[in-house]
$ cat data24.csv   # CSV, C-alpha atoms and all ligand atoms
chain,number,residue,atom,x,y,z
X,1,MET,CA,10.2,-16.6,11.5
X,2,LYS,CA,7.7,-17.8,8.9
X,3,ILE,CA,5.4,-15.1,7.6
X,4,LEU,CA,2.3,-15.5,5.5
X,5,VAL,CA,2.0,-12.5,3.2
X,6,THR,CA,-1.4,-12.0,1.6
X,7,GLY,CA,-1.2,-9.8,-1.5
X,8,GLY,CA,2.6,-10.5,-1.7
X,9,ALA,CA,2.4,-10.3,-5.5
X,10,GLY,CA,1.1,-6.7,-5.3
X,11,TYR,CA,2.9,-3.4,-5.3
X,12,VAL,CA,3.5,-2.8,-1.6
X,13,GLY,CA,3.3,-6.5,-0.6
X,14,SER,CA,5.9,-7.7,-3.1
X,15,ALA,CA,8.4,-5.0,-1.8
X,16,ALA,CA,7.7,-6.2,1.8
X,17,VAL,CA,8.4,-9.8,0.8
X,18,GLU,CA,11.7,-8.7,-0.8
X,19,HIS,CA,12.7,-7.0,2.5
X,20,LEU,CA,11.5,-9.9,4.7
X,21,ILE,CA,13.6,-12.3,2.7
X,22,ALA,CA,16.6,-10.0,2.8
X,23,ALA,CA,16.1,-10.0,6.6
X,24,GLY,CA,16.3,-13.8,6.6
X,25,GLU,CA,12.6,-14.6,7.1
X,26,SER,CA,10.8,-17.4,5.4
X,27,VAL,CA,7.9,-16.2,3.4
X,28,VAL,CA,4.7,-17.7,2.0
X,29,VAL,CA,2.7,-15.5,-0.4
X,30,PHE,CA,-1.0,-15.9,-0.7
X,31,ASP,CA,-2.4,-14.0,-3.6
X,32,ASN,CA,-5.1,-14.5,-6.2
X,33,LEU,CA,-3.1,-12.6,-8.8
X,34,SER,CA,-6.2,-10.5,-9.7
X,35,GLN,CA,-4.1,-7.4,-9.3
X,36,GLY,CA,-0.7,-8.8,-8.4
X,37,HIS,CA,2.0,-10.3,-10.7
X,38,ARG,CA,3.6,-13.7,-10.5
X,39,ALA,CA,6.9,-12.1,-11.6
X,40,ALA,CA,6.7,-9.6,-8.6
X,41,VAL,CA,7.0,-12.5,-6.1
X,42,HIS,CA,10.5,-13.0,-4.8
X,43,PRO,CA,11.8,-16.3,-6.1
X,44,ALA,CA,12.7,-17.4,-2.5
X,45,ALA,CA,9.1,-17.1,-1.4
X,46,THR,CA,6.5,-19.9,-1.8
X,47,LEU,CA,3.5,-18.7,-3.8
X,48,ILE,CA,0.0,-20.0,-3.2
X,49,VAL,CA,-2.4,-18.7,-5.9
X,50,GLU,CA,-5.7,-18.6,-4.0
X,51,ASP,CA,-8.4,-16.3,-3.0
X,52,LEU,CA,-9.1,-15.1,0.6
X,53,ALA,CA,-12.8,-15.7,-0.2
X,54,ASN,CA,-11.9,-19.4,0.0
X,55,ARG,CA,-11.7,-20.2,3.7
X,56,ALA,CA,-10.7,-23.8,3.0
X,57,ALA,CA,-7.7,-22.5,1.0
X,58,ILE,CA,-6.6,-20.3,3.9
X,59,ASP,CA,-7.0,-23.2,6.3
X,60,GLY,CA,-4.9,-25.3,4.0
X,61,ALA,CA,-2.1,-22.7,3.9
X,62,MET,CA,-2.1,-22.4,7.7
X,63,THR,CA,-2.0,-26.2,8.1
X,64,ALA,CA,0.7,-26.7,5.5
X,65,HIS,CA,3.0,-23.8,6.4
X,66,ARG,CA,2.2,-23.0,10.1
X,67,PRO,CA,3.1,-19.3,9.9
X,68,ASP,CA,4.2,-17.4,13.0
X,69,ALA,CA,2.7,-14.2,11.7
X,70,VAL,CA,0.5,-12.8,8.9
X,71,MET,CA,1.0,-9.6,7.0
X,72,HIS,CA,-2.3,-8.7,5.2
X,73,PHE,CA,-1.8,-6.6,2.1
X,74,ALA,CA,-4.4,-8.2,-0.2
X,75,ALA,CA,-7.4,-5.9,-0.8
X,76,ASN,CA,-9.2,-3.9,-3.4
X,77,SER,CA,-7.6,-0.5,-2.8
X,78,LEU,CA,-9.0,2.2,-5.1
X,79,VAL,CA,-10.9,5.0,-3.4
X,80,GLY,CA,-12.7,6.0,-6.6
X,81,GLU,CA,-13.7,2.5,-7.5
X,82,SER,CA,-15.1,2.0,-4.0
X,83,MET,CA,-17.5,4.9,-4.5
X,84,GLN,CA,-18.8,3.1,-7.7
X,85,ARG,CA,-18.8,-0.4,-6.3
X,86,PRO,CA,-19.2,-0.2,-2.5
X,87,PHE,CA,-20.0,-3.8,-1.9
X,88,LEU,CA,-16.7,-4.9,-3.5
X,89,TYR,CA,-15.1,-3.1,-0.6
X,90,LEU,CA,-17.6,-3.3,2.2
X,91,ALA,CA,-18.2,-7.0,1.5
X,92,ASN,CA,-15.1,-8.4,-0.1
X,93,ASN,CA,-12.4,-6.5,1.8
X,94,VAL,CA,-14.1,-7.1,5.1
X,95,THR,CA,-15.2,-10.7,4.5
X,96,ASN,CA,-11.9,-11.7,3.2
X,97,GLY,CA,-10.1,-10.1,6.1
X,98,LEU,CA,-12.4,-11.8,8.5
X,99,ASN,CA,-11.9,-15.2,6.8
X,100,LEU,CA,-8.2,-14.7,7.2
X,101,LEU,CA,-8.4,-13.7,10.9
X,102,GLU,CA,-10.8,-16.5,11.7
X,103,SER,CA,-8.5,-19.0,10.2
X,104,MET,CA,-5.6,-17.5,12.1
X,105,MET,CA,-7.5,-17.8,15.3
X,106,ALA,CA,-8.4,-21.4,14.6
X,107,HIS,CA,-4.7,-22.2,13.8
X,108,GLY,CA,-3.2,-20.4,16.8
X,109,VAL,CA,-1.5,-17.7,14.7
X,110,ARG,CA,-1.5,-14.6,16.9
X,111,ARG,CA,0.6,-12.0,15.1
X,112,PHE,CA,-1.0,-9.8,12.5
X,113,ILE,CA,0.0,-6.7,10.5
X,114,LEU,CA,-2.8,-4.9,8.7
X,115,SER,CA,-2.2,-2.5,5.7
X,116,SER,CA,-4.5,0.4,6.6
X,117,THR,CA,-4.8,3.7,5.0
X,118,ALA,CA,-4.8,7.5,5.2
X,119,ASN,CA,-8.3,7.4,3.7
X,120,LEU,CA,-9.4,7.1,7.4
X,121,PHE,CA,-8.8,10.8,7.6
X,122,ASP,CA,-11.3,12.5,5.2
X,123,ARG,CA,-11.6,15.8,7.1
X,124,PRO,CA,-8.5,16.2,9.2
X,125,ALA,CA,-8.6,19.0,11.7
X,126,ARG,CA,-4.9,19.6,11.0
X,127,ASN,CA,-2.0,18.4,8.9
X,128,PRO,CA,0.3,16.6,9.4
X,129,ILE,CA,-2.1,14.0,10.8
X,130,ASP,CA,-1.1,12.0,13.8
X,131,GLU,CA,-2.8,9.0,15.4
X,132,THR,CA,-5.0,11.1,17.6
X,133,GLU,CA,-6.9,12.6,14.6
X,134,ALA,CA,-10.6,11.7,14.5
X,135,ILE,CA,-11.4,8.9,12.1
X,136,VAL,CA,-13.7,9.8,9.3
X,137,PRO,CA,-13.4,7.3,6.4
X,138,GLY,CA,-13.4,9.0,3.1
X,139,SER,CA,-14.9,6.2,1.1
X,140,PRO,CA,-16.1,2.6,1.3
X,141,TYR,CA,-12.5,1.6,0.8
X,142,GLY,CA,-11.4,3.6,3.9
X,143,GLU,CA,-14.4,2.2,5.8
X,144,SER,CA,-13.5,-1.4,4.9
X,145,LYS,CA,-10.0,-0.8,6.4
X,146,TYR,CA,-11.5,0.8,9.5
X,147,MET,CA,-13.9,-2.0,10.0
X,148,LEU,CA,-11.0,-4.4,10.1
X,149,GLU,CA,-9.0,-2.2,12.4
X,150,ARG,CA,-12.0,-2.2,14.8
X,151,VAL,CA,-12.1,-6.0,14.8
X,152,LEU,CA,-8.5,-6.3,16.0
X,153,PRO,CA,-8.9,-5.1,19.6
X,154,TRP,CA,-11.7,-7.7,20.1
X,155,LEU,CA,-9.5,-10.5,18.9
X,156,GLU,CA,-6.7,-9.2,21.2
X,157,ARG,CA,-9.1,-9.3,24.1
X,158,ILE,CA,-10.6,-12.7,23.3
X,159,TYR,CA,-7.7,-14.6,21.7
X,160,GLY,CA,-4.6,-12.7,22.7
X,161,LEU,CA,-3.9,-11.5,19.1
X,162,ARG,CA,-1.1,-9.0,18.8
X,163,TYR,CA,-1.6,-6.6,15.9
X,164,ALA,CA,-0.3,-3.6,14.2
X,165,ALA,CA,-2.4,-1.4,11.9
X,166,LEU,CA,-0.2,0.7,9.6
X,167,ARG,CA,-2.0,3.6,7.9
X,168,TYR,CA,-0.1,4.4,4.7
X,169,PHE,CA,-0.2,7.8,3.1
X,170,ASN,CA,0.8,7.6,-0.6
X,171,ALA,CA,2.9,4.6,-1.4
X,172,ALA,CA,5.4,5.4,-4.1
X,173,GLY,CA,8.8,4.5,-5.6
X,174,ALA,CA,10.3,1.2,-6.4
X,175,THR,CA,13.0,-1.2,-5.3
X,176,ALA,CA,15.6,-2.2,-7.8
X,177,GLU,CA,13.5,-5.2,-8.8
X,178,ARG,CA,9.9,-4.3,-8.0
X,179,GLY,CA,7.7,-1.4,-8.9
X,180,GLU,CA,4.2,-0.1,-9.5
X,181,ASP,CA,2.2,-1.9,-12.2
X,182,HIS,CA,-1.6,-1.5,-12.0
X,183,SER,CA,-4.0,-2.0,-14.8
X,184,PRO,CA,-5.5,0.4,-15.5
X,185,GLU,CA,-2.9,2.8,-13.9
X,186,LEU,CA,-4.7,5.5,-11.9
X,187,HIS,CA,-1.9,6.7,-9.6
X,188,LEU,CA,-0.1,10.0,-10.2
X,189,ILE,CA,3.6,9.0,-10.2
X,190,PRO,CA,3.4,6.1,-12.6
X,191,ILE,CA,1.0,8.1,-14.8
X,192,VAL,CA,3.5,10.9,-14.9
X,193,LEU,CA,6.3,8.5,-15.8
X,194,GLU,CA,4.2,6.9,-18.5
X,195,VAL,CA,4.0,10.4,-20.1
X,196,ALA,CA,7.8,10.7,-19.7
X,197,LEU,CA,8.2,7.3,-21.5
X,198,GLY,CA,6.0,8.6,-24.4
X,199,GLN,CA,3.2,6.1,-23.5
X,200,ARG,CA,0.7,8.8,-22.8
X,201,LYS,CA,0.4,12.3,-24.3
X,202,GLN,CA,-0.1,14.2,-21.1
X,203,VAL,CA,-1.1,14.0,-17.5
X,204,THR,CA,-4.4,15.5,-16.4
X,205,ILE,CA,-4.3,17.5,-13.2
X,206,PHE,CA,-7.5,16.8,-11.2
X,207,GLY,CA,-8.4,20.3,-10.2
X,208,GLU,CA,-6.3,23.4,-9.4
X,209,ASP,CA,-8.8,25.2,-7.3
X,210,TYR,CA,-8.0,23.6,-4.0
X,211,PRO,CA,-7.1,25.7,-0.9
X,212,THR,CA,-3.4,24.8,-1.3
X,213,PRO,CA,-0.4,27.0,-2.3
X,214,ASP,CA,-0.6,26.2,-6.0
X,215,GLY,CA,-4.3,25.1,-6.1
X,216,THR,CA,-3.5,21.4,-6.7
X,217,CYS,CA,-3.9,18.6,-4.1
X,218,VAL,CA,-1.1,18.0,-1.6
X,219,ARG,CA,-0.1,14.4,-0.7
X,220,ASP,CA,2.6,12.7,1.4
X,221,TYR,CA,4.5,10.2,-0.8
X,222,ILE,CA,6.3,7.4,1.1
X,223,HIS,CA,8.7,4.9,-0.4
X,224,VAL,CA,7.6,1.3,-0.6
X,225,SER,CA,10.9,0.2,1.0
X,226,ASP,CA,10.3,2.5,4.0
X,227,LEU,CA,6.8,1.0,4.3
X,228,ALA,CA,8.4,-2.5,4.2
X,229,ARG,CA,10.9,-1.6,6.9
X,230,ALA,CA,8.1,-0.3,9.1
X,231,HIS,CA,6.3,-3.7,8.7
X,232,ILE,CA,9.4,-5.5,9.8
X,233,LEU,CA,9.9,-3.2,12.8
X,234,ALA,CA,6.2,-3.4,13.8
X,235,LEU,CA,6.3,-7.2,13.6
X,236,ALA,CA,9.3,-7.4,16.0
X,237,ALA,CA,7.6,-4.9,18.3
X,238,LEU,CA,4.4,-6.9,18.7
X,239,GLU,CA,6.2,-8.8,21.6
X,240,SER,CA,5.7,-5.7,23.6
X,241,GLY,CA,2.1,-4.9,22.5
X,242,SER,CA,-0.3,-4.1,19.7
X,243,ARG,CA,0.0,-0.7,18.0
X,244,VAL,CA,-1.4,1.6,15.4
X,245,TYR,CA,0.8,4.0,13.3
X,246,ASN,CA,0.4,6.6,10.6
X,247,LEU,CA,3.1,6.1,8.0
X,248,GLY,CA,4.1,9.2,6.0
X,249,ASN,CA,7.1,11.3,5.2
X,250,GLY,CA,5.7,14.3,7.1
X,251,GLN,CA,6.1,16.5,4.1
X,252,GLY,CA,3.5,17.3,1.5
X,253,TYR,CA,3.9,17.8,-2.3
X,254,SER,CA,1.4,19.2,-4.6
X,255,VAL,CA,0.4,17.5,-7.9
X,256,ARG,CA,2.3,20.2,-9.8
X,257,GLN,CA,5.4,19.7,-7.6
X,258,VAL,CA,5.3,16.0,-8.4
X,259,ILE,CA,5.1,16.7,-12.1
X,260,GLU,CA,8.0,19.2,-11.8
X,261,THR,CA,10.1,16.7,-9.9
X,262,ALA,CA,9.4,14.1,-12.5
X,263,ARG,CA,10.5,16.6,-15.2
X,264,GLN,CA,13.8,17.1,-13.4
X,265,VAL,CA,14.4,13.4,-12.8
X,266,THR,CA,13.5,12.2,-16.3
X,267,GLY,CA,14.7,15.2,-18.3
X,268,LYS,CA,11.4,15.0,-20.3
X,269,PRO,CA,8.9,17.9,-20.7
X,270,ILE,CA,5.8,16.0,-19.4
X,271,PRO,CA,2.8,18.1,-20.8
X,272,VAL,CA,-0.1,18.7,-18.6
X,273,GLU,CA,-3.8,19.7,-18.9
X,274,VAL,CA,-5.9,20.8,-16.1
X,275,GLY,CA,-9.1,18.9,-15.6
X,276,LEU,CA,-12.0,18.7,-13.1
X,277,ARG,CA,-11.6,17.6,-9.5
X,278,ARG,CA,-11.7,13.9,-8.9
X,279,ALA,CA,-14.6,13.0,-6.5
X,280,GLY,CA,-13.5,12.3,-3.0
X,281,ASP,CA,-10.0,13.9,-3.1
X,282,PRO,CA,-9.3,15.9,0.1
X,283,ALA,CA,-7.1,19.0,-0.5
X,284,THR,CA,-4.3,18.0,1.8
X,285,LEU,CA,-3.2,14.8,3.4
X,286,VAL,CA,0.2,14.7,5.2
X,287,GLY,CA,1.2,12.1,7.7
X,288,ASP,CA,2.8,12.7,11.1
X,289,SER,CA,5.0,9.6,11.9
X,290,ALA,CA,6.5,10.9,15.1
X,291,LYS,CA,5.0,8.1,17.0
X,292,ILE,CA,6.6,5.3,15.1
X,293,LEU,CA,9.9,7.2,15.2
X,294,ARG,CA,9.7,7.6,18.9
X,295,GLU,CA,8.6,4.0,19.7
X,296,LEU,CA,10.4,2.0,17.0
X,297,GLY,CA,13.1,4.3,15.7
X,298,TRP,CA,11.6,4.2,12.2
X,299,LYS,CA,12.6,7.0,9.9
X,300,PRO,CA,12.1,7.2,6.1
X,301,GLU,CA,15.3,6.5,4.2
X,302,PHE,CA,13.8,8.1,1.1
X,303,ALA,CA,12.8,11.4,2.6
X,304,SER,CA,12.7,13.5,-0.5
X,305,LEU,CA,10.2,13.3,-3.3
X,306,GLN,CA,13.2,13.5,-5.8
X,307,ALA,CA,14.8,10.3,-4.3
X,308,ILE,CA,11.4,8.5,-4.5
X,309,VAL,CA,10.7,9.5,-8.1
X,310,GLU,CA,14.3,8.5,-9.1
X,311,THR,CA,13.7,5.0,-7.9
X,312,ALA,CA,10.3,4.8,-9.7
X,313,TRP,CA,11.9,6.2,-12.9
X,314,HIS,CA,14.7,3.6,-12.6
X,315,TRP,CA,12.2,0.8,-12.5
X,316,HIS,CA,9.7,2.2,-15.1
X,317,SER,CA,12.4,2.9,-17.6
X,318,ARG,CA,13.7,-0.7,-17.3
X,319,HIS,CA,10.2,-2.1,-17.3
X,320,PRO,CA,8.2,0.1,-19.7
X,321,ASN,CA,5.5,-2.5,-19.9
X,322,GLY,CA,5.5,-3.3,-16.3
X,323,TYR,CA,5.9,-6.9,-15.4
X,324,ALA,CA,4.4,-8.1,-18.7
X,325,ALA,CA,7.8,-8.9,-20.3
X,326,ASP,CA,9.0,-10.7,-17.2
X,327,GLU,CA,5.8,-12.8,-17.1
X,328,THR,CA,6.1,-13.7,-20.8
X,329,ALA,CA,9.7,-14.8,-20.2
X,330,GLU,CA,8.6,-16.8,-17.2
X,331,SER,CA,5.8,-18.6,-19.0
X,332,MET,CA,8.2,-19.4,-21.9
X,333,ARG,CA,10.6,-21.0,-19.4
X,334,HIS,CA,7.7,-23.2,-18.2
X,335,GLN,CA,6.7,-24.4,-21.6
W,401,LIG,N1,-3.9,13.0,-9.6
W,401,LIG,C1,-4.0,13.8,-10.7
W,401,LIG,N2,-4.0,13.2,-12.0
W,401,LIG,C2,-3.9,11.9,-12.2
W,401,LIG,C3,-3.8,11.0,-11.0
W,401,LIG,C4,-3.8,11.6,-9.8
W,401,LIG,O1,-4.0,15.0,-10.6
W,401,LIG,O2,-3.9,11.4,-13.3
W,401,LIG,C5,-3.9,13.6,-8.3
W,401,LIG,C6,-5.0,13.1,-7.4
W,401,LIG,O3,-6.2,13.9,-7.6
W,401,LIG,C7,-4.4,13.2,-6.0
W,401,LIG,C8,-2.9,13.0,-6.3
W,401,LIG,O4,-2.7,13.2,-7.7
W,401,LIG,O5,-4.6,14.5,-5.5
W,401,LIG,C9,-2.5,11.6,-5.9
W,401,LIG,O6,-3.4,10.7,-6.5
W,401,LIG,P1,-3.1,9.1,-6.5
W,401,LIG,O7,-4.3,8.5,-7.2
W,401,LIG,O8,-1.8,8.8,-6.9
W,401,LIG,O9,-3.2,8.7,-4.9
W,401,LIG,P2,-4.4,9.0,-3.8
W,401,LIG,O10,-4.0,10.3,-3.1
W,401,LIG,O11,-5.7,9.0,-4.5
W,401,LIG,O12,-4.2,7.8,-2.9

$ encode --input "data24.csv" --output "structure tokens"
Amino acid sequence: MKILVTGGAGYVGSAAVEHLIAAGESVVVFDNLSQGHRAAVHPAATLIVEDLANRAAIDGAMTAHRPDAVMHFAANSLVGESMQRPFLYLANNVTNGLNLLESMMAHGVRRFILSSTANLFDRPARNPIDETEAIVPGSPYGESKYMLERVLPWLERIYGLRYAALRYFNAAGATAERGEDHSPELHLIPIVLEVALGQRKQVTIFGEDYPTPDGTCVRDYIHVSDLARAHILALAALESGSRVYNLGNGQGYSVRQVIETARQVTGKPIPVEVGLRRAGDPATLVGDSAKILRELGWKPEFASLQAIVETAWHWHSRHPNGYAADETAESMRHQ
């Protein structure tokens, strides 16, 4: 199959591309490189550096490559930023997603996988959270994903689109070649590993007065390779219908547990300070993935936080400056 992957130069998208290529698929990456990295794109994939705001560029990619399916990872994806800049999310994420879907419909592409988010569940009645939980977006970011989710059943009814919406909990870890490199880095695990590498003095814990066992927020960390495998399984399963899944490990870890695990994995002390709560953080978010296990046989291979942090540490200690060194080497080769 030929698959167009938007955001295939980003953290989760680039890992999915790696897995798609390993599974023998042909991949075209569509990415504006605003957050992604050229060096993260698997060399066997074709890279189109373009923006989803440019409908003509999407049409050009559809005409030139005639994909069988689209995986849509490209998006602004920071909860906190979306509270500061709502239109970046409510306008860009939604408009760009609609551009992509409209182009797909015009070109007869009828298979679609959406990266969605656990930020749909701001006030869960229970944890772990399954697909029957009421949807209450926690931010304009979550709302933008929900708006796209809500478009999909209409396109199914009107055009026969088959889709899967995959709601990730906290993507984490690295493959041997590809890891997490955001600028600025705001996610807990890479920040903790930057402290272990001596690049930051300490990690700030955002609040320890939550109603959790140690007072710090509890999250469900899921390995990018497990996310990638879920995409591949969901794509194959579209033959028998559209679907929506929550993707988590089913086990929560507190911020303090993440830091303690990183101390064990890295052998470094990792100093902490306790700061204020970060706006918009629910106390506990843990995913229940029983549905995708039951329907598609998906189960996380990296089930423990320790295993996830080990892969992240492996990548970060080999790429202490993220992809920067790889990108410099690549641009030297092209001179
Ligand atoms: N967190 C923290 N200090 C940091 C970064 C994150 O205490 O420097 C906490 C954050 O409040 C949340 C958890 O770690 O409870 C995971 O945050 P992250 O930004 O990695 O993912 P999110 O849960 O926001 O998707």

$ residues_near_ligand --input "data24.csv" --ligand "ligand LIG 401 (chain W)" --cutoff "7 Å" --atoms "all atoms listed in the file" --output "JSON, numbers by chain"
{"X": [79, 170, 186, 187, 188, 189, 191, 203, 204, 205, 206, 207, 217, 218, 219, 255, 277, 278, 281]}

$ residues_near_point --input "data24.csv" --point "(-8.3, -1.0, -12.8)" --cutoff "10 Å" --atoms "only C-alpha atoms" --output "ChimeraX atom specification"
/X:35,76,78,81,182-186

$ residues_around --input "data24.csv" --residues "range 2-9 of chain X" --least-positions-apart "5" --cutoff "10 Å" --atoms "all atoms listed in the file" --output "JSON, numbers by chain"
{"X": [14, 15, 16, 17, 18, 20, 21, 24, 25, 26, 27, 28, 29, 30, 31, 32, 33, 34, 35, 36, 37, 38, 39, 40, 41, 42, 45, 46, 47, 48, 49, 50, 51, 52, 61, 62, 65, 66, 67, 68, 69, 70, 71, 72, 73, 74, 75, 97, 100, 111, 112, 113, 178, 235]}

$ atom_distance --input "data24.csv" --atom1 "CA of Gly10 in chain X" --atom2 "CA of Pro43 in chain X"
14.4 Å

$ atom_distance --input "data24.csv" --atom1 "CA of Gly297 in chain X" --atom2 "CA of Thr117 in chain X"
20.9 Å

$ closest_atom_pairs --input "data24.csv" --of "range 210-258 of chain X" --to "range 156-165 of chain X" --cutoff "8 Å" --atoms "all atoms listed in the file" --output "CSV"
residue,atom,partner,partner_atom,distance
X:Ala234,CA,X:Ala164,CA,6.5
X:Leu235,CA,X:Ala164,CA,7.5
X:Leu238,CA,X:Arg162,CA,5.9
X:Glu239,CA,X:Arg162,CA,7.8
X:Gly241,CA,X:Arg162,CA,6.4
X:Ser242,CA,X:Tyr163,CA,4.7
X:Arg243,CA,X:Ala164,CA,4.8
X:Val244,CA,X:Ala165,CA,4.7
X:Tyr245,CA,X:Ala165,CA,6.4

$ atom_distance --input "data24.csv" --atom1 "CA of Val109 in chain X" --atom2 "CA of Ala44 in chain X"
22.3 Å

$ closest_residue --input "data24.csv" --among "X:Ser116, X:Ala236, X:Leu90, X:Asn246" --to "Met1 in chain X" --atoms "all atoms listed in the file"
X:Ala236

$ closest_residue --input "data24.csv" --among "X:Val224, X:Ala56, X:Asp181, X:Ile270" --to "Tyr323 in chain X" --atoms "all atoms listed in the file"
X:Asp181

$ closest_atom_pairs --input "data24.csv" --of "range 195-283 of chain X" --to "range 300-319 of chain X" --cutoff "12 Å" --atoms "all atoms listed in the file" --output "Markdown table"
| residue | atom | partner | partner_atom | distance |
| --- | --- | --- | --- | --- |
| X:Val195 | CA | X:His316 | CA | 11.2 |
| X:Ala196 | CA | X:Trp313 | CA | 9.1 |
| X:Leu197 | CA | X:Ser317 | CA | 7.2 |
| X:Gly198 | CA | X:Ser317 | CA | 10.9 |
| X:Gln199 | CA | X:His316 | CA | 11.3 |
| X:Arg219 | CA | X:Leu305 | CA | 10.7 |
| X:Asp220 | CA | X:Leu305 | CA | 9.0 |
| X:Tyr221 | CA | X:Leu305 | CA | 7.0 |
| X:Ile222 | CA | X:Phe302 | CA | 7.5 |
| X:His223 | CA | X:Ile308 | CA | 6.1 |
| X:Val224 | CA | X:Ile308 | CA | 9.0 |
| X:Ser225 | CA | X:Glu301 | CA | 8.3 |
| X:Asp226 | CA | X:Pro300 | CA | 5.5 |
| X:Leu227 | CA | X:Pro300 | CA | 8.4 |
| X:Ala228 | CA | X:Pro300 | CA | 10.6 |
| X:Arg229 | CA | X:Pro300 | CA | 8.9 |
| X:Ala230 | CA | X:Pro300 | CA | 9.0 |
| X:Leu247 | CA | X:Pro300 | CA | 9.3 |
| X:Gly248 | CA | X:Pro300 | CA | 8.2 |
| X:Asn249 | CA | X:Ala303 | CA | 6.3 |
| X:Gly250 | CA | X:Ala303 | CA | 8.9 |
| X:Gln251 | CA | X:Ala303 | CA | 8.6 |
| X:Gly252 | CA | X:Leu305 | CA | 9.2 |
| X:Tyr253 | CA | X:Leu305 | CA | 7.8 |
| X:Ser254 | CA | X:Leu305 | CA | 10.7 |
| X:Val255 | CA | X:Leu305 | CA | 11.6 |
| X:Gln257 | CA | X:Leu305 | CA | 9.1 |
| X:Val258 | CA | X:Leu305 | CA | 7.6 |
| X:Ile259 | CA | X:Val309 | CA | 10.0 |
| X:Glu260 | CA | X:Gln306 | CA | 9.8 |
| X:Thr261 | CA | X:Gln306 | CA | 6.1 |
| X:Ala262 | CA | X:Val309 | CA | 6.5 |
| X:Arg263 | CA | X:Val309 | CA | 10.0 |
| X:Gln264 | CA | X:Gln306 | CA | 8.4 |
| X:Val265 | CA | X:Glu310 | CA | 6.1 |
| X:Thr266 | CA | X:Trp313 | CA | 7.1 |
| X:Gly267 | CA | X:Trp313 | CA | 10.9 |
| X:Lys268 | CA | X:Trp313 | CA | 11.5 |

$ closest_residue --input "data24.csv" --among "X:Pro269, X:Asn93, X:His107, X:Glu131" --to "Thr63 in chain X" --atoms "only C-alpha atoms"
X:His107

$ residues_around --input "data24.csv" --residues "Lys145 in chain X" --least-positions-apart "4" --cutoff "9 Å" --atoms "only C-alpha atoms" --output "list in words"
Tyr89, Asn93, Val94, Leu114, Ser115, Ser116, Thr117, Asn119, Leu120, Pro137, Pro140, Tyr141, Glu149 and Arg150 of chain X

$ residues_near_point --input "data24.csv" --point "(-14.2, 7.7, 8.3)" --cutoff "9 Å" --atoms "all atoms listed in the file" --output "VMD selection string"
chain X and resid 119 to 123 134 to 140 142 to 143 146
